[in-house]
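Here is the structure we will look at.
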Amino acid sequence: MTLARWNPWQEMNALQRQINQFFDDVLVPSALLDREFTKVPAVELHEAGDAIYLKVELPGMEAKDLDVQVTEKTVSISGKRRSETKTEEKGVTRSEFHYGKIQRVIPLPTRVQNTHVTAEYKDGILNLTLPKAEQEKNKVVKVNLN
């Protein structure tokens, strides 16, 4: 019998693999999971001088299936991705696509003029331009010292 040196990192690596496998099963729905859960789309938020730019990833959705609402402090996006019905006589169809509801409420870092929001939806990406409220534009004021 040979002696093996105990490596605590090996057990940590095994635990990491188990955690990754758990999240892979949750994020990629299997046949055992209920496919009617609400998905949260990924977003990118960029704040510039006079506006906030929000980019939302919504692959496979049509603009008519989306509901976008903007308040002075939040953006709420919801919708439904409809499944396509296919019939096959032979073979097996496996799909890891997510069909069903999506929903996300994004808090904004500053107040915006929600009546002047512009939107563009192209290739599954929603781009919103949210102009900042006037009081937020002039929030920082330089003070002259005498």
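Residues in the structure tokens are named by chain (A, B, ... in the order shown) and by number from 1 within that chain; ligands are numbered from 1 in the order shown.
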Identify, on the basis of only C-alpha atoms, every residue whose closest approach to Val112 in chain A does not exceed 12 Å; exclude the query and any residue fewer than 5 positions from it along the same chain; express the result as a VMD selection string. chain A and resid 47 50 to 53 70 to 75 107 117 to 118 128 to 137
Could you please write out, as an MDAnalysis selection string, every residue of range 107-138 of chain A that DSSP assigns to strand (DSSP E or B)? chainID A and resid 107 112 118:122 125:132
Point out the residue among A:Gln69, A:Ser78, A:Ser83, A:Asn127 with the least atom-to-atom distance to Asn114 in chain A, counting only C-alpha atoms.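 Checking each of A:Gln69, A:Ser78, A:Ser83, A:Asn127 against Asn114 in chain A, counting only C-alpha atoms, the winner is A:Gln69.
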In Å, rounded to a single decimal, give me how far CA of Thr115 in chain A is from CA of Val43 in chain A.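 These two atoms are separated by 21.5 Å.
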Could you check which of A:Leu108, A:Met12, A:Ala63, A:Ile19 is closest to His46 in chain A, using only C-alpha atoms?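 Of all the options, A:Leu108 lies closest to His46 in chain A.
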Between CA of Gly60 in chain A and CA of His116 in chain A - distance in Å to one decimal: 27.1 Å
Between A:Lys90, A:Pro8, A:Ile102, A:Glu44, which is the closest to Asp67 in chain A once you count only C-alpha atoms? A:Ile102
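By chain and then residue number, the residues within 7 Å of Arg81 in chain A are Met61, Gly79, Ser83, Tyr99, Gly100 and Lys101 of chain A, counting only C-alpha atoms and disregarding those fewer than 2 positions away in sequence.
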Next, the residues of the selection above should be written as a CSV table (one decimal), in the first residue's frame with N, CA, C and O atoms.
chain,number,residue,atom,x,y,z
A,61,MET,N,-37.3,36.6,-29.4
A,61,MET,CA,-38.6,37.2,-29.1
A,61,MET,C,-38.9,38.3,-30.1
A,61,MET,O,-38.0,38.9,-30.7
A,79,GLY,N,-42.5,39.8,-20.9
A,79,GLY,CA,-42.9,39.2,-22.2
A,79,GLY,C,-43.0,37.7,-22.2
A,79,GLY,O,-42.9,37.1,-21.1
A,83,SER,N,-43.5,29.1,-28.0
A,83,SER,CA,-42.8,27.9,-28.6
A,83,SER,C,-43.4,27.6,-30.0
A,83,SER,O,-44.5,27.9,-30.3
A,99,TYR,N,-38.8,28.6,-23.5
A,99,TYR,CA,-40.1,29.2,-23.9
A,99,TYR,C,-40.8,29.5,-22.7
A,99,TYR,O,-40.8,28.8,-21.7
A,100,GLY,N,-41.6,30.6,-22.7
A,100,GLY,CA,-42.4,31.0,-21.6
A,100,GLY,C,-42.1,32.5,-21.2
A,100,GLY,O,-41.7,33.3,-22.1
A,101,LYS,N,-42.3,32.8,-20.0
A,101,LYS,CA,-42.3,34.2,-19.5
A,101,LYS,C,-40.9,34.6,-19.2
A,101,LYS,O,-40.0,33.9,-18.8
Using only C-alpha atoms, which of A:Glu62, A:Glu57, A:Glu120, A:Glu11 sits nearest Lys39 in chain A?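 Looking only at the distances to Lys39 in chain A, the closest residue turns out to be A:Glu57.
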Restricting the calculation to only C-alpha atoms, which member of A:Ala14, A:Leu45, A:Val68, A:Val40 is positioned closest to Gln103 in chain A?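 With only C-alpha atoms as the atom set, the closest residue is A:Val40.
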Which of these residues is nearest to Ala48 in chain A, using only C-alpha atoms: A:Ser76, A:Thr93, A:Thr110, A:Gln10?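 The answer is A:Thr110, which sits nearest to Ala48 in chain A.
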